[in-house]
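Written out below as structure tokens is the structure these notes cover.
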Amino acid sequence: MPIKKVDPKVDFIAMEHKVLDFWEENDIFAKRVKANEGKPRWSFLDGPITANNPMGVHHAWGRTLKDMYQRYKAMDGHELRYQNGFDCQGLWVEIEVEKELGFTSKRDVEEFGIEKFVDLCKKRVHKYSKIQTEQSKRLGYWMDWDNSYYTMSDENNYTIWAFLKKLFNNGKVYRGTDVVPWSGRSGTSYSQMEIIEGRKLVAHDAVFVRFPLNNRENEYLLVWTTTPWTLTSNVAAAVNVNLDYVCISAADGSKYYFAKENLKVQRLDKQFKEKKNWIDGVPKLKTIEQIFKEHGGFTEERTLKGSEMVGWEYEGPFDHFQAQHEPGGFPFKKKNLESQGIRGVDCHRVIDGGKDDIGNDIVVAGEGTGIVHIAPGCGDIDNKIGKKLGLVDIAPLDDESKYIEGFDWLTGKLATDESTKNEIIQDLKDRQILVYVEQYPHVYPHCWRSGDELVFRIVDEWYINMDWRDKIKSIVDDIEWKPAWGKEREHEWLDNMGDWMISKKRFWGLALPIWTFEDKSFYVVGSKEELKELAVEGWGEFEGNSPHRPWIDKVKIRHPETGLIGTRIKDVGNPWLDAGIVPFSTMGYISDKEYWEKWFPADFITECFPGQFRNWFYSLLAMSALLEEKAPFKTLLGHALVKDETGRDMHKSWGNAIWFDEAAEKMGVDVMRWMYAVQNVEHNLRFGYPHANEVRKKIITLWNTYSFFATYAALDGFTPEANGLDKQELSLLDKWVLSKLHTLISDARTHFDQYQADKFIRKVERFLDDLSNWYIRRNRRRFWKSEDDGDKQAAYYTLYEVLLNMAKILSPLLPFITETIYQNIVRNVDKNAFESVHLCNYPEANSKWIDEKLVSQVDALKHVVELGRSSRNKANLKIRQPLATLAFVTKDDEIAAFIHEHQDVILDELNVKKIERTSKSTDLIDYEIKPNLPAIGQLYGKDVPVIRKKVIEADPISIVKALKTNGEYSLKLGDKIINLTTDLVLVEMISKEGYTAAEGDGLTVGLTTELDESLRREGLVRDIIRQVQILRKEAGFAVEDRIHVFTKFPEDILKSIEDFKEYFCNETLTVGLHKEYQSGEFFKDITVRGTTFPIGLKREITD
RNA sequence: GGCGGAGUAGCUCAGUUGGUGAGAGCAGCGGUAUAAUAAUCCGCGUGUCGGGGGUUCGAGUCCCUCAUCGGCUACCA
């Protein structure tokens, strides 16, 4: 069967669906996999996509890169695993399921039943992993979709157990009682990695309050806080011992202590003025001075050092609450303090704030009052100070962020509620503790999923001691980071990270394999088998279920050494453990070590950069460093983010989001893939329809070259034979385009091997331009002509070779259009050919086709045409106006000869009558001599400006002569003589003024602008021809229709037409030229060179 | 607050180890072509290369400084 004719008006979207069906029906993917069995392995590791929502256009970027490089490696002859991954466990899924169920708190889940809830989470993951699978297929993403890994799988979870077990054996797992950021809405704490995601700028009601000092009548500490709810749990007040403090006396006689500097400090002044990190509507902050002035004025009493205040006792703001009177603290008790009977109220004194780990003062002047309210149960730093100084902890909130018993009227109220806060402020006001309230804008941590404001609570959490970070850092350098700065970023994170909090007080996630015992010891179980061995209770209920809550919670174990019976902690794990373990779990680290050794480490991973340095990359590196002390992947390609077309984030609520499905069906996925692949990975991608249209133009160009070929190939019944190209008598342009093609093939391999698809695509763009706007345009007639000679065959074979190889080299990038082309031009002709372009081998450049000299000669020829067009433009002489002579200048005799040899191209393209080389430099051009500054600079340094001046001022002709005869040109510089050799001067030719000329790349082209009568008339006729052609088109005549033309030509035009009557009639298919106007079938006024006259057309009746 | 960045045409961005009058794509304008869909090609730019200072024979490029915009990071109590 021959090649089929192709409609140039293709519907790309429909075509893509056809190709998808074709792959599906014929198992093309499976055939590719089979073909590559046993070939050298190339290991790609997929970072799991969160299977919680449909896939977005931002995911499609990474997935395009993943698919493209995998397709390339497959065609290049490698065995691949093709395993996609879904991230399944974690809070993000829980939150969505809660939303569906209308839940508002963790308690709702417990009442609903953990088992049912966890089942719904699993269902959600299954639902969206299916949707994402279908979307990915639509994108053309080739994966072994039935073999996707799920991070919730038993294998994945148990492999994490093995990891934790190893850490446990090394003594790196510990339980910490710390104050951590906590979401009452989600009922869990957050790790260092997570709170970074959820920081938001908000305005809080900040309060100035006063703590009355004991034994100092009417004297107060002035304290400031943005979290009034923590005042209930105040234990102490910290100062900076080295700072100056001031005592002022207010209008009512009461005295206040605070940092002296703060009296006049304009807090957040810069932020307010620049409206940067500022919230609209929040008034400017007042200085403390201003606040007191507005309260009736004040006088400064004295200045003192902070150290003088240390030890002063005061009365706390909520000392009437029971919690303040519990020995040892509340509800957590410090044993030693409890035995001494020390209560919250007993700790109320001024303390030295001290320094933090890096040696900075904890208490500073500036934002607050220089006296910091310390609540060791409500803040991280407060807690550390409390531990150091032996203060009790008062922790007021339960896991929903509500006040617990012991806090009087606040018990049961939600700390983050606006109303609670208002009640507290009102209470402080009523009891005359409040001095002033203001709105204070600052960045505060929020729950990254629910948006809930975080509070700080004391909780038991589980940590990995990361004191072995050097082990991780050492493998970072074994990885090739693309872009290279990724390495530094990763090191930076590793240097600064703290211990890894791995526990989460939730339901759906990795069941941390930690069992605790009554003697406060704990034990980490490393495998399902070990669990079975140690189980003393609940195994029967657990067996057959996945290692998740609630089933796992039933199993109790006997401690292998102490024999005590232990219960599993209720916590689930940090989800980055789930994703970090995949180089082990998915490759059978435990179950099939032989397989694992084949595929580990991965050759390549590619993911979106932001965030992953502390998330996936981190967990991958950490887990691999511990388990194998080896980098888990060799090359990492990171890419930036997808934004909307103006550079803003895409948001559902802003209405600027583009959904994947919509984009795929409107733009087409070949277009999308091109956009993604050509994007510089370091820059954010501005995704939008205008951008897509630019890309579509390029794909259309490819399509049109193909449809041009296919149309004529079908007409002529062209059927390529094997090695047919070798037998052809190729034209110059055939060889030229084939040379460019093979260079492009070579570049394709180079750039794909280096994961630089963008560079490859830029070259494809240039090649397409050469192909379409030079090769095809110049050679069109060879395909049209009626005789089927060798020349025509050569043209067919050449274009066939180009299109076939283009289809192959572009197939990883544009899998659909290339498949369509391949099916027609290859499979239609040869049923024994590979069934799909994607089953072909990636082409190899054949050096026998690469002829750089010829390419440069043809490029020069092309350049002459471009320069000629440029000259015409400058002189405002359109192509239709024939000109007598084109003259060109070049130093290169070979090029000159070449241009002469192929002058027909130039005559045709530029509509000139003859062409000649001018060696008389004075005709067309002047020489311009320029000093070669980099070279001269190195030799003569400071003399450069003088030399430059002299060279420029010298007579160019004499320099050229001197160089030609002596090989150097000498000039005097004071008493020095400087010899400028050829390499120190640049000789350039420039067009002389007054000529229509252009120059570049060592070529100069000029056109004679003078028109004789004959040229002028010919031009005039061509103008008329053009107008008539337009009329024919407007009239809707067929291209082959013969016509009669009716008009009364103005005299000048009439003479011209008569001179070139035959030419005119041939071009316009005119059989009758009538000198009287008649409207005919179609008529219109036309304007030629300023003269307007009506013209009428009528078709010749042929039958 | 700390640490990298960035700034070049109306818009998006290139500009090698400092070297001669600073570039591309898009948009606009003029012309032009028909294998080419939202479709071709050619031509058209007085850019304080963010401001200022310095190093150098020479700075978009190196150094300092000021203002601007983003990123990462931080326990702003």
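Each chain in the structure tokens gets a letter, A, B and so on, in the order shown; residues start at 1 in every chain, and ligands are counted from 1 in the order they appear.
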Pick out the chain A residues within 7 Å of chain B. Count only C-alpha atoms (C1' of nucleotides). Give them as an mmCIF file with all heavy atoms, in the first residue's frame.
```cif
data_model
loop_
_atom_site.group_PDB
_atom_site.id
_atom_site.type_symbol
_atom_site.label_atom_id
_atom_site.label_comp_id
_atom_site.auth_asym_id
_atom_site.auth_seq_id
_atom_site.Cartn_x
_atom_site.Cartn_y
_atom_site.Cartn_z
ATOM 1 N N LYS A 9 -5.352 20.144 7.077
ATOM 2 C CA LYS A 9 -6.133 20.676 8.197
ATOM 3 C C LYS A 9 -6.386 19.552 9.205
ATOM 4 O O LYS A 9 -7.468 19.002 9.272
ATOM 5 C CB LYS A 9 -7.481 21.214 7.698
ATOM 6 C CG LYS A 9 -7.328 22.286 6.632
ATOM 7 C CD LYS A 9 -7.606 23.662 7.185
ATOM 8 C CE LYS A 9 -7.581 24.730 6.117
ATOM 9 N NZ LYS A 9 -6.206 25.106 5.708
ATOM 10 N N THR A 225 2.960 40.509 74.609
ATOM 11 C CA THR A 225 2.862 39.200 73.953
ATOM 12 C C THR A 225 1.832 39.236 72.820
ATOM 13 O O THR A 225 0.844 39.970 72.879
ATOM 14 C CB THR A 225 2.502 38.075 74.943
ATOM 15 O OG1 THR A 225 2.411 36.844 74.226
ATOM 16 C CG2 THR A 225 1.162 38.334 75.628
ATOM 17 N N GLU A 367 11.307 44.703 69.554
ATOM 18 C CA GLU A 367 9.890 44.483 69.297
ATOM 19 C C GLU A 367 8.977 44.597 70.523
ATOM 20 O O GLU A 367 7.927 45.195 70.467
ATOM 21 C CB GLU A 367 9.689 43.111 68.629
ATOM 22 C CG GLU A 367 10.064 43.119 67.163
ATOM 23 C CD GLU A 367 9.505 44.319 66.429
ATOM 24 O OE1 GLU A 367 8.280 44.513 66.403
ATOM 25 O OE2 GLU A 367 10.314 45.106 65.866
ATOM 26 N N VAL A 372 10.388 39.470 78.723
ATOM 27 C CA VAL A 372 9.662 38.434 78.000
ATOM 28 C C VAL A 372 8.933 37.515 78.960
ATOM 29 O O VAL A 372 9.524 36.973 79.893
ATOM 30 C CB VAL A 372 10.622 37.626 77.109
ATOM 31 C CG1 VAL A 372 9.870 36.497 76.401
ATOM 32 C CG2 VAL A 372 11.275 38.536 76.088
ATOM 33 N N HIS A 373 7.669 37.364 78.692
ATOM 34 C CA HIS A 373 6.811 36.471 79.473
ATOM 35 C C HIS A 373 7.199 35.040 79.123
ATOM 36 O O HIS A 373 7.274 34.683 77.947
ATOM 37 C CB HIS A 373 5.359 36.839 79.124
ATOM 38 C CG HIS A 373 4.437 35.722 78.849
ATOM 39 N ND1 HIS A 373 4.030 34.856 79.821
ATOM 40 C CD2 HIS A 373 3.803 35.343 77.712
ATOM 41 C CE1 HIS A 373 3.167 33.979 79.282
ATOM 42 N NE2 HIS A 373 3.027 34.268 78.008
ATOM 43 N N ASP A 380 8.591 26.901 72.674
ATOM 44 C CA ASP A 380 9.778 26.069 72.567
ATOM 45 C C ASP A 380 10.920 26.626 73.406
ATOM 46 O O ASP A 380 11.508 25.947 74.235
ATOM 47 C CB ASP A 380 10.173 25.975 71.085
ATOM 48 C CG ASP A 380 11.410 25.118 70.901
ATOM 49 O OD1 ASP A 380 11.548 24.131 71.645
ATOM 50 O OD2 ASP A 380 12.225 25.431 70.019
ATOM 51 N N ILE A 381 11.211 27.901 73.166
ATOM 52 C CA ILE A 381 12.353 28.495 73.857
ATOM 53 C C ILE A 381 12.055 28.610 75.350
ATOM 54 O O ILE A 381 12.926 28.401 76.190
ATOM 55 C CB ILE A 381 12.706 29.869 73.230
ATOM 56 C CG1 ILE A 381 14.097 30.317 73.666
ATOM 57 C CG2 ILE A 381 11.702 30.923 73.566
ATOM 58 C CD1 ILE A 381 15.118 30.110 72.589
ATOM 59 N N ASN A 693 -0.076 28.478 21.717
ATOM 60 C CA ASN A 693 -0.249 28.773 20.295
ATOM 61 C C ASN A 693 1.069 28.986 19.571
ATOM 62 O O ASN A 693 1.224 28.618 18.417
ATOM 63 C CB ASN A 693 -1.143 30.005 20.113
ATOM 64 C CG ASN A 693 -2.590 29.679 20.432
ATOM 65 O OD1 ASN A 693 -3.005 28.523 20.315
ATOM 66 N ND2 ASN A 693 -3.341 30.663 20.862
ATOM 67 N N ILE A 700 2.838 22.778 13.690
ATOM 68 C CA ILE A 700 2.152 22.886 12.402
ATOM 69 C C ILE A 700 3.167 22.886 11.257
ATOM 70 O O ILE A 700 2.945 22.275 10.210
ATOM 71 C CB ILE A 700 1.279 24.169 12.358
ATOM 72 C CG1 ILE A 700 0.039 23.962 13.211
ATOM 73 C CG2 ILE A 700 0.889 24.522 10.938
ATOM 74 C CD1 ILE A 700 -0.763 25.223 13.418
ATOM 75 N N THR A 701 4.274 23.557 11.479
ATOM 76 C CA THR A 701 5.307 23.569 10.449
ATOM 77 C C THR A 701 5.761 22.145 10.143
ATOM 78 O O THR A 701 5.892 21.747 8.989
ATOM 79 C CB THR A 701 6.507 24.415 10.909
ATOM 80 O OG1 THR A 701 6.041 25.709 11.244
ATOM 81 C CG2 THR A 701 7.550 24.515 9.814
ATOM 82 N N ASN A 704 3.046 20.387 8.257
ATOM 83 C CA ASN A 704 2.901 20.812 6.881
ATOM 84 C C ASN A 704 3.986 20.272 5.977
ATOM 85 O O ASN A 704 3.719 19.958 4.816
ATOM 86 C CB ASN A 704 2.851 22.332 6.799
ATOM 87 C CG ASN A 704 1.516 22.841 7.290
ATOM 88 O OD1 ASN A 704 0.497 22.199 7.087
ATOM 89 N ND2 ASN A 704 1.528 23.965 7.956
ATOM 90 N N THR A 705 5.195 20.163 6.495
ATOM 91 C CA THR A 705 6.233 19.554 5.660
ATOM 92 C C THR A 705 5.837 18.110 5.377
ATOM 93 O O THR A 705 6.010 17.619 4.259
ATOM 94 C CB THR A 705 7.606 19.573 6.361
ATOM 95 O OG1 THR A 705 7.488 18.915 7.615
ATOM 96 C CG2 THR A 705 8.100 20.971 6.578
ATOM 97 N N SER A 707 2.694 16.882 5.446
ATOM 98 C CA SER A 707 1.497 16.766 4.613
ATOM 99 C C SER A 707 1.816 17.138 3.163
ATOM 100 O O SER A 707 1.263 16.569 2.230
ATOM 101 C CB SER A 707 0.350 17.596 5.184
ATOM 102 O OG SER A 707 0.314 18.870 4.622
ATOM 103 N N PHE A 708 2.761 18.045 2.999
ATOM 104 C CA PHE A 708 3.228 18.361 1.636
ATOM 105 C C PHE A 708 3.813 17.111 0.986
ATOM 106 O O PHE A 708 3.455 16.724 -0.128
ATOM 107 C CB PHE A 708 4.285 19.468 1.703
ATOM 108 C CG PHE A 708 4.945 19.737 0.377
ATOM 109 C CD1 PHE A 708 4.339 20.562 -0.561
ATOM 110 C CD2 PHE A 708 6.176 19.164 0.062
ATOM 111 C CE1 PHE A 708 4.938 20.807 -1.786
ATOM 112 C CE2 PHE A 708 6.769 19.400 -1.172
ATOM 113 C CZ PHE A 708 6.160 20.217 -2.091
ATOM 114 N N ARG A 869 17.400 40.457 -0.117
ATOM 115 C CA ARG A 869 16.071 40.893 0.324
ATOM 116 C C ARG A 869 16.184 42.104 1.241
ATOM 117 O O ARG A 869 15.385 43.028 1.189
ATOM 118 C CB ARG A 869 15.386 39.744 1.061
ATOM 119 C CG ARG A 869 14.726 38.756 0.128
ATOM 120 C CD ARG A 869 13.633 37.998 0.819
ATOM 121 N NE ARG A 869 14.141 36.843 1.526
ATOM 122 C CZ ARG A 869 14.036 35.586 1.080
ATOM 123 N NH1 ARG A 869 13.449 35.341 -0.062
ATOM 124 N NH2 ARG A 869 14.503 34.593 1.784
ATOM 125 N N SER A 870 17.209 42.045 2.074
ATOM 126 C CA SER A 870 17.429 43.149 2.995
ATOM 127 C C SER A 870 17.723 44.430 2.217
ATOM 128 O O SER A 870 17.176 45.495 2.521
ATOM 129 C CB SER A 870 18.588 42.795 3.916
ATOM 130 O OG SER A 870 18.898 43.859 4.744
ATOM 131 N N ASN A 873 14.619 45.776 0.685
ATOM 132 C CA ASN A 873 13.812 46.417 1.708
ATOM 133 C C ASN A 873 14.273 47.838 1.989
ATOM 134 O O ASN A 873 13.474 48.755 2.083
ATOM 135 C CB ASN A 873 13.901 45.612 3.003
ATOM 136 C CG ASN A 873 12.571 44.968 3.332
ATOM 137 O OD1 ASN A 873 11.572 45.658 3.425
ATOM 138 N ND2 ASN A 873 12.566 43.664 3.463
ATOM 139 N N LYS A 930 39.769 47.510 11.745
ATOM 140 C CA LYS A 930 39.554 47.664 13.186
ATOM 141 C C LYS A 930 40.664 46.941 13.929
ATOM 142 O O LYS A 930 41.092 45.873 13.498
ATOM 143 C CB LYS A 930 38.217 47.051 13.575
ATOM 144 C CG LYS A 930 37.037 47.830 13.047
ATOM 145 C CD LYS A 930 35.754 47.131 13.404
ATOM 146 C CE LYS A 930 34.561 47.935 12.903
ATOM 147 N NZ LYS A 930 33.319 47.190 13.128
ATOM 148 N N LEU A 933 41.220 44.193 19.484
ATOM 149 C CA LEU A 933 41.528 44.682 20.836
ATOM 150 C C LEU A 933 41.972 43.623 21.841
ATOM 151 O O LEU A 933 42.910 43.864 22.585
ATOM 152 C CB LEU A 933 40.342 45.478 21.380
ATOM 153 C CG LEU A 933 40.108 46.815 20.681
ATOM 154 C CD1 LEU A 933 38.954 47.558 21.324
ATOM 155 C CD2 LEU A 933 41.346 47.670 20.712
ATOM 156 N N PRO A 934 41.301 42.473 21.899
ATOM 157 C CA PRO A 934 41.776 41.495 22.893
ATOM 158 C C PRO A 934 43.234 41.121 22.652
ATOM 159 O O PRO A 934 43.995 40.995 23.605
ATOM 160 C CB PRO A 934 40.862 40.289 22.658
ATOM 161 C CG PRO A 934 39.665 40.834 21.987
ATOM 162 C CD PRO A 934 40.129 42.018 21.189
ATOM 163 N N GLY A 941 48.790 46.561 26.250
ATOM 164 C CA GLY A 941 48.163 47.107 27.454
ATOM 165 C C GLY A 941 47.732 48.550 27.332
ATOM 166 O O GLY A 941 46.802 48.891 26.605
ATOM 167 N N LYS A 942 48.489 49.408 27.992
ATOM 168 C CA LYS A 942 48.086 50.802 28.110
ATOM 169 C C LYS A 942 48.047 51.558 26.791
ATOM 170 O O LYS A 942 47.404 52.586 26.672
ATOM 171 C CB LYS A 942 49.045 51.544 29.044
ATOM 172 C CG LYS A 942 48.692 51.327 30.489
ATOM 173 C CD LYS A 942 49.487 52.231 31.397
ATOM 174 C CE LYS A 942 49.105 51.858 32.813
ATOM 175 N NZ LYS A 942 50.113 52.096 33.797
ATOM 176 N N ASP A 943 48.811 51.073 25.807
ATOM 177 C CA ASP A 943 48.867 51.788 24.538
ATOM 178 C C ASP A 943 47.645 51.547 23.674
ATOM 179 O O ASP A 943 47.511 52.137 22.600
ATOM 180 C CB ASP A 943 50.132 51.381 23.765
ATOM 181 C CG ASP A 943 51.376 51.801 24.527
ATOM 182 O OD1 ASP A 943 51.302 52.840 25.210
ATOM 183 O OD2 ASP A 943 52.391 51.099 24.450
ATOM 184 N N VAL A 944 46.767 50.695 24.134
ATOM 185 C CA VAL A 944 45.612 50.326 23.324
ATOM 186 C C VAL A 944 44.848 51.530 22.763
ATOM 187 O O VAL A 944 44.601 51.590 21.565
ATOM 188 C CB VAL A 944 44.671 49.383 24.095
ATOM 189 C CG1 VAL A 944 43.333 49.266 23.386
ATOM 190 C CG2 VAL A 944 45.302 48.018 24.262
ATOM 191 N N PRO A 945 44.499 52.518 23.590
ATOM 192 C CA PRO A 945 43.675 53.616 23.052
ATOM 193 C C PRO A 945 44.378 54.359 21.919
ATOM 194 O O PRO A 945 43.746 54.709 20.927
ATOM 195 C CB PRO A 945 43.478 54.536 24.256
ATOM 196 C CG PRO A 945 43.790 53.717 25.453
ATOM 197 C CD PRO A 945 44.747 52.670 25.024
#
```
**Request:** Taking the chain letters and numbering used in this document, name the residues of segment 227-377 of chain A that DSSP puts in helix (DSSP H, G or I), as a ChimeraX atom specification.
**Result:** /A:228-233,260-263,269-274,288-294,306-309,322-325,335-339,344-347
Just want the 7 Å neighbourhood of Lys66 of chain A, counted on only C-alpha atoms (C1' of nucleotides), with same-chain residues fewer than 4 positions away dropped. Output as a PDB file with N, CA and C atoms, in the first residue's frame.
```
ATOM      1  N   GLY A  62       6.742  17.528  35.118  1.00  0.00           N
ATOM      2  CA  GLY A  62       7.652  16.470  35.555  1.00  0.00           C
ATOM      3  C   GLY A  62       7.391  15.167  34.822  1.00  0.00           C
ATOM      4  N   GLN A  70      12.733   8.503  29.495  1.00  0.00           N
ATOM      5  CA  GLN A  70      12.583   7.056  29.478  1.00  0.00           C
ATOM      6  C   GLN A  70      12.401   6.542  28.052  1.00  0.00           C
ATOM      7  N   THR A 606      13.862  12.721  38.488  1.00  0.00           N
ATOM      8  CA  THR A 606      13.568  14.122  38.172  1.00  0.00           C
ATOM      9  C   THR A 606      12.296  14.545  38.879  1.00  0.00           C
TER      10      THR A 606
END
```
**Neighbour list for Ala714 of chain A as a PyMOL selection string, cut-off 7 Å, only C-alpha atoms (C1' of nucleotides), skip fewer than 5 positions in-chain** = chain A and resi 2-5
**Item:** Contacts of Phe834 of chain A at 12 Å (only C-alpha atoms (C1' of nucleotides); same-chain gap of 3+ positions) as a ChimeraX atom specification
**Value:** /A:28,31-32,35,808,819,822-823,826-831,837-841
**Message:** So the first atom is atom CA of Leu883 of chain A and the second is atom CA of Asp769 of chain A; what is the distance between them in Å, to one decimal place?
**Reply:**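 Calculated distance between atom CA of Leu883 of chain A and atom CA of Asp769 of chain A is 27.7 Å.
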**Neighbour list for Val1021 of chain A as a list of chain:residue names, cut-off 10 Å, only C-alpha atoms (C1' of nucleotides), skip fewer than 6 positions in-chain** =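 Here the answer would be A:Arg880, A:Gln881, A:Leu1015, A:Gln1027, A:Ile1053, A:Leu1054, A:Lys1055, A:Ser1056, A:Ile1057, A:Glu1058, A:Asp1059, A:Phe1060, A:Lys1061, A:Tyr1063, A:Phe1064, A:Val1088.
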**Asked** Could you name the residues that touch C63 of chain B at 12 Å or less, counting only C-alpha atoms (C1' of nucleotides), but leaving out those on the same chain fewer than 3 positions away, as a PyMOL selection string?
**Response** chain B and resi 53-56+59
I need the chosen residues saved as a compact mmCIF listing (two decimals), in the first residue's frame, with all heavy atoms.
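Below is the file result32.txt, written as the result:
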```txt
# COMPACT_ATOMS: atom_id res chain seq x y z
P G B 53 29.14 58.33 39.27
OP1 G B 53 29.70 59.68 39.00
OP2 G B 53 28.79 57.44 38.14
O5' G B 53 30.13 57.54 40.23
C5' G B 53 30.82 58.23 41.28
C4' G B 53 31.47 57.25 42.22
O4' G B 53 30.54 56.17 42.53
C3' G B 53 32.69 56.50 41.68
O3' G B 53 33.86 57.29 41.65
C2' G B 53 32.76 55.33 42.66
O2' G B 53 33.27 55.74 43.91
C1' G B 53 31.28 54.98 42.80
N9 G B 53 30.92 53.95 41.82
C8 G B 53 30.13 54.08 40.69
N7 G B 53 30.03 52.96 40.02
C5 G B 53 30.79 52.05 40.74
C6 G B 53 31.05 50.67 40.50
O6 G B 53 30.66 49.97 39.58
N1 G B 53 31.88 50.13 41.48
C2 G B 53 32.38 50.83 42.55
N2 G B 53 33.16 50.14 43.39
N3 G B 53 32.14 52.11 42.79
C4 G B 53 31.34 52.65 41.85
P G B 54 34.91 57.02 40.45
OP1 G B 54 35.93 58.07 40.52
OP2 G B 54 34.15 56.80 39.19
O5' G B 54 35.58 55.62 40.86
C5' G B 54 36.34 55.52 42.07
C4' G B 54 36.64 54.09 42.39
O4' G B 54 35.43 53.31 42.29
C3' G B 54 37.58 53.38 41.43
O3' G B 54 38.94 53.69 41.68
C2' G B 54 37.27 51.92 41.72
O2' G B 54 37.88 51.48 42.92
C1' G B 54 35.76 51.97 41.94
N9 G B 54 35.01 51.59 40.73
C8 G B 54 34.22 52.39 39.94
N7 G B 54 33.68 51.74 38.95
C5 G B 54 34.14 50.43 39.08
C6 G B 54 33.90 49.28 38.31
O6 G B 54 33.20 49.16 37.29
N1 G B 54 34.56 48.17 38.80
C2 G B 54 35.37 48.18 39.91
N2 G B 54 35.92 47.01 40.24
N3 G B 54 35.60 49.25 40.65
C4 G B 54 34.96 50.33 40.18
P U B 55 39.98 53.69 40.47
OP1 U B 55 41.26 54.23 40.99
OP2 U B 55 39.33 54.31 39.29
O5' U B 55 40.17 52.14 40.19
C5' U B 55 40.77 51.30 41.16
C4' U B 55 40.85 49.89 40.65
O4' U B 55 39.50 49.36 40.49
C3' U B 55 41.45 49.75 39.26
O3' U B 55 42.87 49.75 39.30
C2' U B 55 40.88 48.40 38.81
O2' U B 55 41.56 47.33 39.40
C1' U B 55 39.46 48.48 39.39
N1 U B 55 38.48 48.99 38.41
C2 U B 55 37.96 48.10 37.49
O2 U B 55 38.29 46.93 37.47
N3 U B 55 37.07 48.62 36.61
C4 U B 55 36.63 49.93 36.55
O4 U B 55 35.80 50.25 35.70
C5 U B 55 37.20 50.80 37.53
C6 U B 55 38.10 50.31 38.41
P U B 56 43.68 50.69 38.27
OP1 U B 56 45.13 50.51 38.57
OP2 U B 56 43.08 52.04 38.30
O5' U B 56 43.38 50.03 36.86
C5' U B 56 43.79 48.70 36.59
C4' U B 56 43.22 48.26 35.28
O4' U B 56 41.78 48.18 35.38
C3' U B 56 43.45 49.21 34.12
O3' U B 56 44.74 49.07 33.55
C2' U B 56 42.34 48.78 33.15
O2' U B 56 42.70 47.61 32.46
C1' U B 56 41.20 48.46 34.13
N1 U B 56 40.26 49.59 34.28
C2 U B 56 39.15 49.60 33.44
O2 U B 56 38.95 48.73 32.62
N3 U B 56 38.31 50.67 33.59
C4 U B 56 38.46 51.71 34.49
O4 U B 56 37.62 52.60 34.51
C5 U B 56 39.63 51.63 35.32
C6 U B 56 40.46 50.60 35.18
P A B 59 35.26 50.68 30.78
OP1 A B 59 34.06 51.55 30.69
OP2 A B 59 36.15 50.78 31.96
O5' A B 59 34.84 49.15 30.64
C5' A B 59 33.98 48.72 29.58
C4' A B 59 32.88 47.83 30.15
O4' A B 59 33.52 46.85 31.00
C3' A B 59 31.88 48.57 31.03
O3' A B 59 30.63 47.92 30.93
C2' A B 59 32.43 48.38 32.43
O2' A B 59 31.45 48.43 33.41
C1' A B 59 33.01 46.97 32.32
N9 A B 59 34.10 46.68 33.25
C8 A B 59 34.85 47.57 33.98
N7 A B 59 35.74 47.00 34.75
C5 A B 59 35.56 45.65 34.51
C6 A B 59 36.21 44.50 35.01
N6 A B 59 37.21 44.55 35.91
N1 A B 59 35.79 43.31 34.57
C2 A B 59 34.80 43.27 33.68
N3 A B 59 34.12 44.27 33.13
C4 A B 59 34.56 45.44 33.59
```
**Message:** Report, in Å with one decimal, the straight-line distance from atom CA of Asp119 of chain A to atom CA of Trp508 of chain A.
**Reply:**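 Answer for the atom CA of Asp119 of chain A to atom CA of Trp508 of chain A separation: 9.1 Å.
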